[in-house]
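Peer 1: Structure incoming, see below.
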Amino acid sequence: MTDTRLTFCSLCESFCGLEVDVENGRIADIRPDREHVVSNGYACVKGTRFDSVQHSPDRITKPMKRMGEEWIPISWGQALDEIAEKMRAIIDANGPQSFGHFVGAPGGANLLSPIFRGEFFKGLGSNRMYGTGSCDTMNKFRVNGDMYGSPMRLAYPDVDHTRFMMILGANPDISGTTLYHLPRSRARLGGIVKRGGRVVFINPRRVESARIGEHFFIRPDTDVYFLAAFCNEIIRRDGLAHSRIERYMKNFDELKRCVAPWTAERQAQVTGISADTLRELVEAFLAADGAALNMATGVNQGRSGTLCYWLLESISAITGNFDRKGGNLIGEGIIDFALQAKDDPILKLGFHRQDDLPSVSGQQPAAMVADDIFGGLVKGMIVEASNPVLAVPNPENRLEQALGELDLLVSIDWFRNETGNLAHYILPAATWMERPGMPYALQSFTGCTPTPYLYAADAVLEPPPQVREEWWMYVRLADKFGITLMGNRILSGFLKLAARLAHTRFRFVNVPKMLIGGMLKQAGQPDFKAMLRDHPHGLRLSDNEGGNFLGTERVLTGDRLVDLAPEPYVQRFEESVEKFFTEEIGNLGKMKLIGKREIKRMNTSSSNSSRLVKEKTNYAYICPRDARRIGVADRQWVKVSSEYDSIFIPVRVTDEMMPGTVAIPQCWGHQKADGLSHAQRHPGVNSNLLAGDGYRNIEKLSGMAHLSGILVEIEKSDRIAASS
Ligand SMILES: Nc1nc2c(c(=O)[nH]1)N[C@H]1C(S)=C(S)[C@@H](COP(=O)(O)OP(=O)(O)OC[C@H]3O[C@@H](n4cnc5c(=O)[nH]c(N)nc54)[C@H](O)[C@@H]3O)O[C@H]1N2
Ligand SMILES: Nc1nc2c(c(=O)[nH]1)N[C@H]1C(S)=C(S)[C@@H](COP(=O)(O)OP(=O)(O)OC[C@H]3O[C@@H](n4cnc5c(=O)[nH]c(N)nc54)[C@H](O)[C@@H]3O)O[C@H]1N2
Ligand code: SF4
Ligand SMILES: [Mo]
């Protein structure tokens with residue numbers, strides 16, 4: 001019998017509504033939910049073909065222990081006892097900071113895991129938490145904290161009302177956007193053009209998204225000059241919202257002083273965007289009745305990601321486009337998440353290391369993991385929902401070697417990925433189809449979307465009998481360590497008992513449903529049951545009309561003023577920007593490497609799907625002029641070398657690439673993935689061997705890894721040409 005159930009896809013931040021046909025406990029079909037209040041009948045292939053991941057024969061369905069080269073299934077009792085015992089030995093000998101955690105992108109879609117992970121590590125006394133957040137977006141959390149007073153005061157472009165939108169370093173058509181919620185991005189960005197407005201992409205690749213708008217090439221990792229000159233040009237033209245600046249902001253003069261040397265002509269020397277183009281864009285931006293800005297990973301992953309986001313937010317603020325309809329807005333969630341996060345010891349900016357690198361939103365820099373292990377600071381680690389061996393800079397496989405040296409490595413995952421291969425234990429986690437959930441952060445808690453809404457879904461499928469949710473694992477471990485959860489002995493005792501009995505016939509409560517329902521109810525919203533019953537396709541909340549932030553107590557800086565020039569940024573700007581500019585001029589003839597996301601791949605984690613991955617390899621994308629210079633034709637092989645390592649890869653020649661730039665899709669390189677049979681037969685090449693790790697390659701204000709705009713040399717390779 002077929003039963004049709006509703007849920008939302010948790011793979012990217014679009015969280016599209018899905019309709020899932022279930023037959024005999026298995027997925028028979030997945031379709032976009034046409035009635036979903038926001039995604040409205042849109043879903044991409046990663047969502048509609050998720051059955052091939054869900055039902056993969058390679059799925060880990062029991063706790064696994066590595067014995068030499070062998071993996072053997074063990075019971076949960078044995079797994080948790082042994083892990084707790086080994087953790088205790090590490091902590092007794094080296095202190096709690098020697099035991100760390102590493103969380104990947106899927107961790108951001110999991111409502112309960114971060115809460116209990118945080119409680120467990122707080123109880124252990126360790127803030128040695130890393131994650132791929134420092135590969136994608138920590139610079140933005142840093143800026144939010146310094147300009148608006150909380151890492152979670154997230155501004156977003158009011159796409160559905162704007163008349164001019166400029167997007168740097170993002171490709172929403174393929175990625176579904178990040179750090180604001182915009183499902184059906186193509187239709188909605190296309191709507192701007194239909195209204196007579198403009199959408200402008202600034203990108204070293206003429207990306208798929210740019211089909212609906214305009215596009216200008218920019219040399220990778222030079223956005224800081226473009227943005228500084230954009231800001232300077234606005235000030236020079238007096239395109240300023242003077243009364244707003246005076247009433248609601250501070251340190252405008254410092255901002256003005258920083259950007260003053262950066263003229264349209266000067267930026268053109270390194271960005272490749274002509275002075276005339278920059279001036280024309282400034283004019284259009286100022287003339288629009290509501291202009292919005294957005295930047296994402298392509299800029300975040302450069303050497304000046306924090307400075308870029310500061311400039312971008314400042315441009316919006318000083319022109320009156322911030323906190324105004326059609327510009328950039330600060331959302332309102334069903335709770336004030338930003339206020340809660342402001343003083344949260346985990347989420348607030350901290351300096352927990354011996355060096356000066358920060359922890360932003362609780363994360364230390366991912367690109368320091370290898371050094372921290374080799375330096376003896378970290379002896380054990382739990383990796384949850386991540387595959388750092390492929391996703392994080394790994395020159396000469398340093399990270400892989402370092403993780404292999406740990407006294408204890410535990411991977412919590414659906415599969416045995418390349419990082420899991422190095423682990424001592426793998427704990428099998430439930431998929432989003434197997435757990436109740438809600439899209440929480442952007443949609444419900446921060447309202448960081450032009451279409452705020454609530455949605456709740458029950459589990460669509462029963463997990464295999466030995467598969468568990470992450471919250472359960474952390475509560476069970478906390479129980480073994482005698483850690484009090486939530487600072488409340490009664491609640492803690494209740495949760496521990498609930499976890500102990502959760503998978504027995506004595507289960508008395510469904511903890512996820514209880515907690516989600518409690519959060520909704522506390523916020524004055526329908527509880528979990530009522531959401532499923534009365535709002536199965538979601539509950540649309542009211543639109544954000546703007547004018548609800550500046551001058552209000554929602555600005556959490558203490559004096560209620562937006563800081564246009566936080567002191568560390570001014571200092572960093574002065575230390576680095578001129579210096580990098582001189583380097584840029586010196587490097588103008590050299591190639592730079594950027595990444596590329598593909599519609600059928602989600603980071604490293606769709607690699608094992610036979611319904612998604614057909615190509616045997618990724619490619620290096622270069623323009624015809626560079627191909628001629630190097631002497632290669634389409635699909636011939638090249639050697640790409642950085643200061644750190646070399647890889648061999650076939651090229652694709654396309655005029656969508658800016659001359660002097662090579663794009664290589666990241667998160668490939670599955671040669672060693674014997675736990676991922678399809679991926680191993682379609683291995684590709686890991687471009688992150690070319691990225692440098694360690695202090696020198698980390699953006700100092702936010703701990704972001706330098707993953708985009710890496711200098712490389714490319715030469716024709718005869719070595720592999722025959723085997724392609
Ligand atoms: N060169 C370059 N490198 C990059 C990037 C780039 O643009 N360029 N992008 C960076 C970015 S933005 C990111 S976020 C990282 C991505 O890298 P990661 O954050 O490591 O994320 P994934 O590869 O998506 O997921 C890794 C694992 O999570 C497992 N998984 C999926 N869902 C769950 C779940 O619910 N629970 C558990 N326990 N496991 C789950 C999957 O099976 C998979 O093995 O890569 C980064 N690396
Ligand atoms: N299909 C698919 N969707 C995904 C993912 C995936 O792997 N596959 N990953 C998810 C994750 S974890 C994240 S964080 C989001 C990321 O979402 P996005 O930020 O939209 O990610 P990308 O598509 O990599 O877009 C980055 C863009 O920056 C450009 N770029 C590179 N360097 C520079 C530069 O120096 N300056 C400028 N201006 N542009 C530059 C690149 O050409 C690329 O088009 O996507 C999510 N969605
Ligand atoms: S765009 Fe695709 S991957 Fe992202 S939530 Fe929608 S269906 Fe899932
Ligand atoms: Mo990401």
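Residues are named by chain letter and number: chains run A, B, ... in the order of the structure tokens, numbers start at 1 in each chain, and ligands are numbered from 1 in the order shown.
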Ligand 1: which residues are within 6 Å, counting only C-alpha atoms and all ligand atoms? Reply as a tab-separated table (two decimals) with N, CA and C atoms, in the first residue's frame.
Peer 2:
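Now in result_19.tsv:
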chain	number	residue	atom	x	y	z
A	104	GLY	N	29.87	19.28	10.35
A	104	GLY	CA	29.77	19.66	8.94
A	104	GLY	C	28.47	20.36	8.61
A	105	ALA	N	28.33	20.69	7.34
A	105	ALA	CA	27.18	21.47	6.88
A	105	ALA	C	25.84	20.85	7.27
A	106	PRO	N	25.64	19.52	7.16
A	106	PRO	CA	24.32	19.00	7.48
A	106	PRO	C	23.93	19.23	8.95
A	132	THR	N	32.90	23.04	9.36
A	132	THR	CA	33.07	23.62	8.04
A	132	THR	C	32.39	24.99	7.94
A	135	CYS	N	34.65	27.24	6.69
A	135	CYS	CA	34.91	27.15	5.25
A	135	CYS	C	33.80	27.85	4.48
A	136	ASP	N	32.74	28.29	5.14
A	136	ASP	CA	31.71	28.93	4.33
A	136	ASP	C	31.25	30.31	4.78
A	384	GLU	N	30.99	14.99	13.31
A	384	GLU	CA	29.56	14.75	13.07
A	384	GLU	C	29.16	15.34	11.72
A	385	ALA	N	28.58	14.52	10.86
A	385	ALA	CA	28.02	14.98	9.59
A	385	ALA	C	29.04	15.77	8.77
A	386	SER	N	30.22	15.23	8.66
A	386	SER	CA	31.23	15.96	7.89
A	386	SER	C	32.25	15.02	7.28
A	387	ASN	N	32.95	15.57	6.31
A	387	ASN	CA	34.00	14.81	5.64
A	387	ASN	C	35.20	15.73	5.41
A	388	PRO	N	35.80	16.20	6.52
A	388	PRO	CA	36.86	17.20	6.39
A	388	PRO	C	38.01	16.78	5.48
A	391	ALA	N	36.71	18.16	2.34
A	391	ALA	CA	36.09	19.49	2.31
A	391	ALA	C	37.01	20.61	2.78
A	392	VAL	N	38.04	20.26	3.52
A	392	VAL	CA	38.88	21.26	4.20
A	392	VAL	C	40.26	21.24	3.53
A	412	ILE	N	30.17	10.30	13.27
A	412	ILE	CA	28.71	10.10	13.32
A	412	ILE	C	28.20	10.41	11.93
A	413	ASP	N	27.71	9.42	11.22
A	413	ASP	CA	27.41	9.65	9.81
A	413	ASP	C	26.41	8.61	9.30
A	414	TRP	N	25.94	8.87	8.07
A	414	TRP	CA	25.08	7.88	7.40
A	414	TRP	C	25.94	6.82	6.71
A	415	PHE	N	27.21	7.22	6.41
A	415	PHE	CA	28.09	6.37	5.61
A	415	PHE	C	29.48	6.33	6.23
A	417	ASN	N	32.56	7.50	5.16
A	417	ASN	CA	33.20	8.33	4.14
A	417	ASN	C	34.73	8.32	4.35
A	429	ALA	N	23.75	7.48	12.02
A	429	ALA	CA	22.79	8.54	12.32
A	429	ALA	C	21.56	8.42	11.43
A	431	THR	N	18.62	9.75	8.96
A	431	THR	CA	18.52	10.78	7.93
A	431	THR	C	17.38	11.73	8.29
A	432	TRP	N	17.29	12.84	7.56
A	432	TRP	CA	16.20	13.79	7.83
A	432	TRP	C	14.84	13.20	7.49
A	595	GLY	N	36.27	27.48	-6.72
A	595	GLY	CA	35.46	26.26	-6.67
A	595	GLY	C	34.27	26.34	-7.61
A	602	MET	N	25.91	17.48	-3.58
A	602	MET	CA	25.85	18.28	-2.37
A	602	MET	C	27.16	18.07	-1.63
A	603	ASN	N	28.05	19.02	-1.73
A	603	ASN	CA	29.37	18.88	-1.12
A	603	ASN	C	29.91	17.48	-1.38
A	604	THR	N	30.36	16.77	-0.33
A	604	THR	CA	30.90	15.43	-0.59
A	604	THR	C	29.80	14.38	-0.55
A	605	SER	N	28.58	14.78	-0.16
A	605	SER	CA	27.65	13.75	0.31
A	605	SER	C	26.66	13.20	-0.71
A	666	GLN	N	34.73	21.30	-6.07
A	666	GLN	CA	35.38	20.78	-4.87
A	666	GLN	C	34.67	19.52	-4.39
A	688	ASN	N	41.09	20.38	-2.91
A	688	ASN	CA	41.54	20.97	-1.66
A	688	ASN	C	42.94	20.54	-1.24
A	707	LEU	N	39.92	29.36	0.60
A	707	LEU	CA	39.55	28.30	-0.35
A	707	LEU	C	39.27	28.83	-1.74
Peer 1: Once you count only C-alpha atoms and all ligand atoms, which residues end up within 7 Å of ligand 2, and could you hand them over as a VMD selection string?
Peer 2: chain A and resid 12 to 13 105 136 168 to 172 174 to 178 202 to 205 207 218 to 223 296 to 299 302 594 to 603 708 to 709
Peer 1: Distance limit 6 Å, reference ligand 3, atoms considered: only C-alpha atoms and all ligand atoms. Which residues make the cut? Give them as a VMD selection string.
Peer 2: chain A and resid 9 to 16 43 to 44 46 to 47 176
Peer 1: Would you save the residues of that selection, restricted to N, CA, C and O atoms, as a PDB file, in the first residue's frame?
Peer 2:
ATOM      1  N   CYS A   9      12.946  18.933   2.300  1.00  0.00           N
ATOM      2  CA  CYS A   9      14.298  18.474   2.009  1.00  0.00           C
ATOM      3  C   CYS A   9      15.274  19.273   2.865  1.00  0.00           C
ATOM      4  O   CYS A   9      15.228  20.499   2.897  1.00  0.00           O
ATOM      5  N   SER A  10      16.174  18.561   3.541  1.00  0.00           N
ATOM      6  CA  SER A  10      17.120  19.248   4.436  1.00  0.00           C
ATOM      7  C   SER A  10      18.509  19.345   3.845  1.00  0.00           C
ATOM      8  O   SER A  10      19.476  19.577   4.565  1.00  0.00           O
ATOM      9  N   LEU A  11      18.643  19.148   2.535  1.00  0.00           N
ATOM     10  CA  LEU A  11      19.993  19.101   1.969  1.00  0.00           C
ATOM     11  C   LEU A  11      20.617  20.480   1.804  1.00  0.00           C
ATOM     12  O   LEU A  11      21.809  20.655   1.980  1.00  0.00           O
ATOM     13  N   CYS A  12      19.814  21.451   1.373  1.00  0.00           N
ATOM     14  CA  CYS A  12      20.380  22.805   1.301  1.00  0.00           C
ATOM     15  C   CYS A  12      19.438  23.766   1.993  1.00  0.00           C
ATOM     16  O   CYS A  12      18.383  23.373   2.495  1.00  0.00           O
ATOM     17  N   GLU A  13      19.785  25.044   2.003  1.00  0.00           N
ATOM     18  CA  GLU A  13      19.024  25.993   2.808  1.00  0.00           C
ATOM     19  C   GLU A  13      17.695  26.394   2.164  1.00  0.00           C
ATOM     20  O   GLU A  13      16.954  27.195   2.709  1.00  0.00           O
ATOM     21  N   SER A  14      17.381  25.794   1.000  1.00  0.00           N
ATOM     22  CA  SER A  14      16.069  26.051   0.396  1.00  0.00           C
ATOM     23  C   SER A  14      14.952  25.294   1.109  1.00  0.00           C
ATOM     24  O   SER A  14      13.803  25.719   1.085  1.00  0.00           O
ATOM     25  N   PHE A  15      15.288  24.165   1.724  1.00  0.00           N
ATOM     26  CA  PHE A  15      14.309  23.381   2.488  1.00  0.00           C
ATOM     27  C   PHE A  15      12.987  23.196   1.744  1.00  0.00           C
ATOM     28  O   PHE A  15      11.905  23.467   2.276  1.00  0.00           O
ATOM     29  N   CYS A  16      13.077  22.743   0.494  1.00  0.00           N
ATOM     30  CA  CYS A  16      11.878  22.611  -0.346  1.00  0.00           C
ATOM     31  C   CYS A  16      10.896  21.586   0.223  1.00  0.00           C
ATOM     32  O   CYS A  16      11.303  20.523   0.699  1.00  0.00           O
ATOM     33  N   ALA A  43      11.488  21.726  -6.423  1.00  0.00           N
ATOM     34  CA  ALA A  43      12.526  20.945  -5.733  1.00  0.00           C
ATOM     35  C   ALA A  43      13.525  20.558  -6.802  1.00  0.00           C
ATOM     36  O   ALA A  43      13.165  20.452  -7.977  1.00  0.00           O
ATOM     37  N   CYS A  44      14.777  20.372  -6.424  1.00  0.00           N
ATOM     38  CA  CYS A  44      15.775  19.982  -7.430  1.00  0.00           C
ATOM     39  C   CYS A  44      16.007  18.467  -7.381  1.00  0.00           C
ATOM     40  O   CYS A  44      15.442  17.770  -6.539  1.00  0.00           O
ATOM     41  N   LYS A  46      18.428  16.696  -6.339  1.00  0.00           N
ATOM     42  CA  LYS A  46      19.027  16.100  -5.135  1.00  0.00           C
ATOM     43  C   LYS A  46      17.923  15.708  -4.148  1.00  0.00           C
ATOM     44  O   LYS A  46      18.038  14.722  -3.442  1.00  0.00           O
ATOM     45  N   GLY A  47      16.877  16.501  -4.127  1.00  0.00           N
ATOM     46  CA  GLY A  47      15.744  16.178  -3.258  1.00  0.00           C
ATOM     47  C   GLY A  47      14.905  15.056  -3.825  1.00  0.00           C
ATOM     48  O   GLY A  47      14.593  14.085  -3.123  1.00  0.00           O
ATOM     49  N   GLY A 176      21.051  27.173  -4.185  1.00  0.00           N
ATOM     50  CA  GLY A 176      19.867  27.424  -3.360  1.00  0.00           C
ATOM     51  C   GLY A 176      20.081  28.537  -2.342  1.00  0.00           C
ATOM     52  O   GLY A 176      19.284  28.674  -1.420  1.00  0.00           O
TER      53      GLY A 176
END
Peer 1: Can you pull out the residues contacting A:Ser641? Cut-off 9 Å, using only C-alpha atoms, and skip same-chain residues under 5 positions away; I want them as a PyMOL selection string.
Peer 2: chain A and resi 646-648+690+711-715
Peer 1: Hey, what's within 12 Å of A:Asp372 if we count only C-alpha atoms and toss same-chain stuff fewer than 2 positions away? As a compact mmCIF listing (two decimals) with N, CA, C and O atoms, in the first residue's frame, please?
Peer 2:
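Result file follows (around_0.txt):
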# COMPACT_ATOMS: atom_id res chain seq x y z
N GLN A 97 40.29 20.14 26.99
CA GLN A 97 40.45 20.80 25.68
C GLN A 97 41.11 19.89 24.64
O GLN A 97 41.15 20.22 23.47
N SER A 98 41.63 18.76 25.11
CA SER A 98 42.28 17.87 24.14
C SER A 98 41.25 17.00 23.42
O SER A 98 41.60 16.25 22.53
N PHE A 99 39.99 17.13 23.84
CA PHE A 99 38.97 16.38 23.11
C PHE A 99 38.07 17.35 22.36
O PHE A 99 37.44 18.21 22.94
N GLY A 100 38.03 17.18 21.04
CA GLY A 100 37.34 18.16 20.20
C GLY A 100 36.16 17.59 19.45
O GLY A 100 35.82 16.41 19.57
N ARG A 128 36.83 23.11 22.25
CA ARG A 128 37.62 22.76 21.06
C ARG A 128 36.66 22.24 19.98
O ARG A 128 36.61 21.07 19.68
N MET A 129 35.85 23.17 19.46
CA MET A 129 34.85 22.80 18.46
C MET A 129 35.26 23.41 17.12
O MET A 129 35.50 24.61 17.03
N TYR A 130 35.31 22.57 16.11
CA TYR A 130 35.63 23.03 14.76
C TYR A 130 34.43 22.71 13.86
O TYR A 130 33.53 21.97 14.25
N ARG A 353 42.05 30.13 22.08
CA ARG A 353 43.23 29.42 21.63
C ARG A 353 44.49 30.11 22.12
O ARG A 353 44.44 31.25 22.57
N GLN A 354 45.63 29.44 21.96
CA GLN A 354 46.87 30.09 22.36
C GLN A 354 47.27 31.15 21.33
O GLN A 354 47.97 32.10 21.65
N ASP A 355 46.80 30.99 20.08
CA ASP A 355 47.08 32.02 19.08
C ASP A 355 45.95 33.06 19.13
O ASP A 355 45.08 32.99 20.00
N GLN A 364 36.18 27.01 16.05
CA GLN A 364 37.57 27.36 15.80
C GLN A 364 37.88 27.00 14.35
O GLN A 364 37.15 26.25 13.72
N PRO A 365 38.97 27.55 13.80
CA PRO A 365 39.20 27.38 12.36
C PRO A 365 39.48 25.93 11.94
O PRO A 365 40.38 25.28 12.48
N ALA A 366 38.71 25.47 10.96
CA ALA A 366 38.87 24.11 10.45
C ALA A 366 40.28 23.91 9.89
O ALA A 366 40.85 22.82 9.98
N ALA A 367 40.85 24.97 9.33
CA ALA A 367 42.16 24.84 8.70
C ALA A 367 43.29 24.75 9.75
O ALA A 367 44.47 24.68 9.39
N MET A 368 42.96 24.77 11.04
CA MET A 368 43.97 24.57 12.09
C MET A 368 43.97 23.14 12.63
O MET A 368 44.83 22.79 13.45
N VAL A 369 43.02 22.32 12.20
CA VAL A 369 42.90 20.99 12.81
C VAL A 369 44.20 20.20 12.71
O VAL A 369 44.69 19.63 13.70
N ALA A 370 44.78 20.16 11.51
CA ALA A 370 46.00 19.35 11.35
C ALA A 370 47.10 19.87 12.27
O ALA A 370 47.74 19.09 12.99
N PHE A 374 48.90 17.74 15.20
CA PHE A 374 50.36 17.51 15.17
C PHE A 374 51.04 18.21 16.35
O PHE A 374 52.05 17.74 16.87
N GLY A 375 50.48 19.35 16.77
CA GLY A 375 51.08 20.10 17.89
C GLY A 375 50.72 19.50 19.25
O GLY A 375 51.07 20.07 20.29
N GLY A 376 49.93 18.44 19.27
CA GLY A 376 49.61 17.77 20.53
C GLY A 376 48.45 18.39 21.30
O GLY A 376 48.15 17.98 22.42
N LEU A 377 47.78 19.39 20.70
CA LEU A 377 46.67 20.03 21.42
C LEU A 377 45.42 19.17 21.40
O LEU A 377 44.61 19.23 22.32
N VAL A 378 45.23 18.41 20.34
CA VAL A 378 44.01 17.61 20.20
C VAL A 378 44.40 16.14 20.10
O VAL A 378 45.22 15.76 19.27
N LYS A 379 43.77 15.34 20.96
CA LYS A 379 44.09 13.90 20.99
C LYS A 379 42.91 13.04 20.56
O LYS A 379 43.07 11.85 20.26
N GLY A 380 41.72 13.62 20.64
CA GLY A 380 40.54 12.84 20.26
C GLY A 380 39.48 13.77 19.69
O GLY A 380 39.48 14.97 19.98
N MET A 381 38.59 13.20 18.89
CA MET A 381 37.61 14.07 18.24
C MET A 381 36.38 13.27 17.80
O MET A 381 36.50 12.11 17.39
N ARG A 398 47.85 16.26 4.59
CA ARG A 398 48.24 16.54 5.99
C ARG A 398 47.10 16.28 6.96
O ARG A 398 47.30 15.75 8.05
N LEU A 399 45.91 16.73 6.56
CA LEU A 399 44.77 16.59 7.48
C LEU A 399 44.43 15.11 7.67
O LEU A 399 44.16 14.66 8.78
N ALA A 402 46.92 13.67 9.97
CA ALA A 402 46.72 14.14 11.35
C ALA A 402 45.55 13.40 11.99
O ALA A 402 45.67 12.88 13.11
N LEU A 403 44.43 13.32 11.28
CA LEU A 403 43.26 12.64 11.86
C LEU A 403 43.60 11.18 12.15
O LEU A 403 43.12 10.60 13.14
N GLU A 405 46.26 10.10 13.30
CA GLU A 405 47.11 9.99 14.49
C GLU A 405 46.34 10.12 15.80
O GLU A 405 46.92 9.98 16.88
N LEU A 406 45.05 10.44 15.71
CA LEU A 406 44.30 10.66 16.95
C LEU A 406 44.18 9.37 17.77
O LEU A 406 44.09 8.28 17.23
N ASP A 693 46.83 25.11 4.50
CA ASP A 693 46.19 25.16 5.82
C ASP A 693 47.10 25.89 6.80
O ASP A 693 48.11 26.47 6.40
N GLY A 694 46.73 25.88 8.05
CA GLY A 694 47.56 26.53 9.07
C GLY A 694 47.35 28.04 9.14
O GLY A 694 46.67 28.64 8.30
N TYR A 695 47.98 28.62 10.14
CA TYR A 695 47.78 30.03 10.50
C TYR A 695 47.89 30.98 9.31
O TYR A 695 47.10 31.88 9.14
Peer 1: Can you tell me which residues surround stretch 495-498 of chain A at a distance of at most 8 Å, considering only C-alpha atoms, apart from same-chain residues fewer than 2 positions away, and format the answer as an MDAnalysis selection string?
Peer 2: chainID A and resid 475:476 479 491:493 500:502 507:509 511
Peer 1: Output the selection as a PDB file, in the first residue's frame - C-alpha atoms for each residue.
Peer 2:
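Result file is part.pdb:
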ATOM      1  CA  VAL A 475      22.415  12.643  25.901  1.00  0.00           C
ATOM      2  CA  ARG A 476      23.586   9.053  26.379  1.00  0.00           C
ATOM      3  CA  ASP A 479      24.659  10.401  31.128  1.00  0.00           C
ATOM      4  CA  LEU A 491      15.053  18.353  33.190  1.00  0.00           C
ATOM      5  CA  SER A 492      18.431  16.704  32.761  1.00  0.00           C
ATOM      6  CA  GLY A 493      17.311  13.598  34.647  1.00  0.00           C
ATOM      7  CA  ARG A 500      17.707   5.466  28.067  1.00  0.00           C
ATOM      8  CA  LEU A 501      14.207   4.220  27.287  1.00  0.00           C
ATOM      9  CA  ALA A 502      13.780   5.794  23.841  1.00  0.00           C
ATOM     10  CA  ARG A 507       9.511   4.715  25.759  1.00  0.00           C
ATOM     11  CA  PHE A 508       7.265   7.306  27.390  1.00  0.00           C
ATOM     12  CA  VAL A 509       7.936  10.387  25.267  1.00  0.00           C
ATOM     13  CA  VAL A 511      11.817  13.849  22.800  1.00  0.00           C
TER      14      VAL A 511
END
Peer 1: Show which residues sit within 12 Å of stretch 581-589 of chain A, as a PyMOL selection string. Count only C-alpha atoms, and ignore same-chain residues fewer than 5 positions away.
Peer 2: chain A and resi 219-226+261-262+266-272+303-304+573-576+626+629+659-661+709-713
Peer 1: Which of stretch 424-619 of chain A counts as alpha helix (DSSP H) under DSSP, as an NGL selection string please?
Peer 2: :A and (470-481 or 489-501 or 511-522 or 528-534 or 567-586)
Peer 1: Name all residues at most 12 Å from A:Ala441 (count only C-alpha atoms; drop same-chain ones fewer than 4 positions away) and give them as number ranges by chain.
Peer 2: A: 13-15, 107-112, 114, 152-154, 178-181, 331-338, 341, 437, 445-449, 452-455
Peer 1: Restricting the calculation to only C-alpha atoms and all ligand atoms: of A:Thr4, A:Thr137, A:Gln78, A:Thr61, which residue gets closest to ligand 4?
Peer 2: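 That would be A:Thr137, the residue with the smallest distance to ligand 4.
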Peer 1: Work out how far apart atom CA of A:Ser444 and atom CA of A:Pro428 are and give it in Å to one decimal.
Peer 2: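 We find that atom CA of A:Ser444 and atom CA of A:Pro428 lie 28.4 Å from each other.
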Peer 1: Kindly give the distance, in Å, that separates atom CA of A:Met1 and atom CA of A:Glu23, rounded to a single decimal.
Peer 2: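 Between atom CA of A:Met1 and atom CA of A:Glu23 the gap works out to 5.8 Å.
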Peer 1: Select, from A:Leu182, A:Cys667, A:Leu593, A:Leu408, the residue with the minimum atom-to-atom distance to ligand 4, counting only C-alpha atoms and all ligand atoms.
Peer 2: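 Ranked by minimum distance to ligand 4, first place goes to A:Cys667.
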Peer 1: Please, what distance in Å, to one decimal, runs between atom CA of A:Asp559 and atom CA of A:Glu313?
Peer 2: 18.8 Å
Peer 1: Would you mind writing down, as a list in words, each residue of stretch 88-118 of chain A that DSSP on the backbone assigns to strand (DSSP E)?
Peer 2: Phe99, Gly100, His101, Phe102 and Val103 of chain A
Peer 1: In terms of the shortest atom-to-atom distance over only C-alpha atoms and all ligand atoms, which of A:Lys513, A:Asp58, A:Gly305, A:Gly133 is closest to ligand 4?
Peer 2: A:Gly133
Peer 1: Identify which of the residues A:Leu550, A:Arg31, A:Lys529, A:Val383 lies closest to A:Ser243, counting only C-alpha atoms when measuring atom-to-atom distances.
Peer 2: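 Counting only C-alpha atoms, the residue closest to A:Ser243 is A:Leu550.
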Peer 1: Which residue, A:Val360, A:Leu18, A:Met704, A:Ala679, has the smallest gap to ligand 4 when you use only C-alpha atoms and all ligand atoms?
Peer 2: A:Met704
Peer 1: Of the candidates A:Asn488, A:Ser150, A:Pro436, A:Met295, which one gets nearest to A:Asp344 if we count only C-alpha atoms?
Peer 2: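 Of A:Asn488, A:Ser150, A:Pro436, A:Met295, the one nearest A:Asp344 is A:Ser150, counting only C-alpha atoms.
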Peer 1: For the contact check between stretch 586-639 of chain A and stretch 680-683 of chain A, emit one row per residue of stretch 586-639 of chain A within 12 Å, containing the shortest atom pair and the distance in Å rounded to one decimal, counting only C-alpha atoms, chain then rising number order, as CSV.
Peer 2:
residue,atom,partner,partner_atom,distance
A:Thr604,CA,A:Pro683,CA,10.9
A:Ser606,CA,A:His682,CA,11.5
A:Ser607,CA,A:His682,CA,7.9
A:Asn608,CA,A:Gln680,CA,8.0
A:Ser609,CA,A:His682,CA,10.2
A:Ser610,CA,A:His682,CA,9.7
A:Leu612,CA,A:His682,CA,11.2
A:Val613,CA,A:His682,CA,7.6
A:Lys614,CA,A:His682,CA,7.4
A:Glu615,CA,A:His682,CA,6.4
A:Lys616,CA,A:His682,CA,4.0
A:Thr617,CA,A:Pro683,CA,5.9
A:Asn618,CA,A:Pro683,CA,8.4
A:Tyr619,CA,A:Pro683,CA,11.6
Peer 1: Those selected residues, please, written with C-alpha atoms and delivered as a short mmCIF file (atom, residue, chain, number, x, y, z; two decimals), in the first residue's frame.
Peer 2:
data_model
loop_
_atom_site.label_atom_id
_atom_site.label_comp_id
_atom_site.auth_asym_id
_atom_site.auth_seq_id
_atom_site.Cartn_x
_atom_site.Cartn_y
_atom_site.Cartn_z
CA THR A 604 30.90 15.43 -0.59
CA SER A 606 25.82 12.95 -2.96
CA SER A 607 28.93 11.31 -4.37
CA ASN A 608 27.61 7.83 -3.69
CA SER A 609 24.27 8.30 -5.42
CA SER A 610 24.00 6.29 -8.62
CA LEU A 612 22.90 11.58 -9.38
CA VAL A 613 26.54 10.93 -10.19
CA LYS A 614 27.29 9.61 -13.68
CA GLU A 615 30.59 11.36 -14.51
CA LYS A 616 33.78 9.58 -13.51
CA THR A 617 35.56 12.78 -12.64
CA ASN A 618 35.33 16.50 -12.07
CA TYR A 619 37.08 18.87 -14.47
#
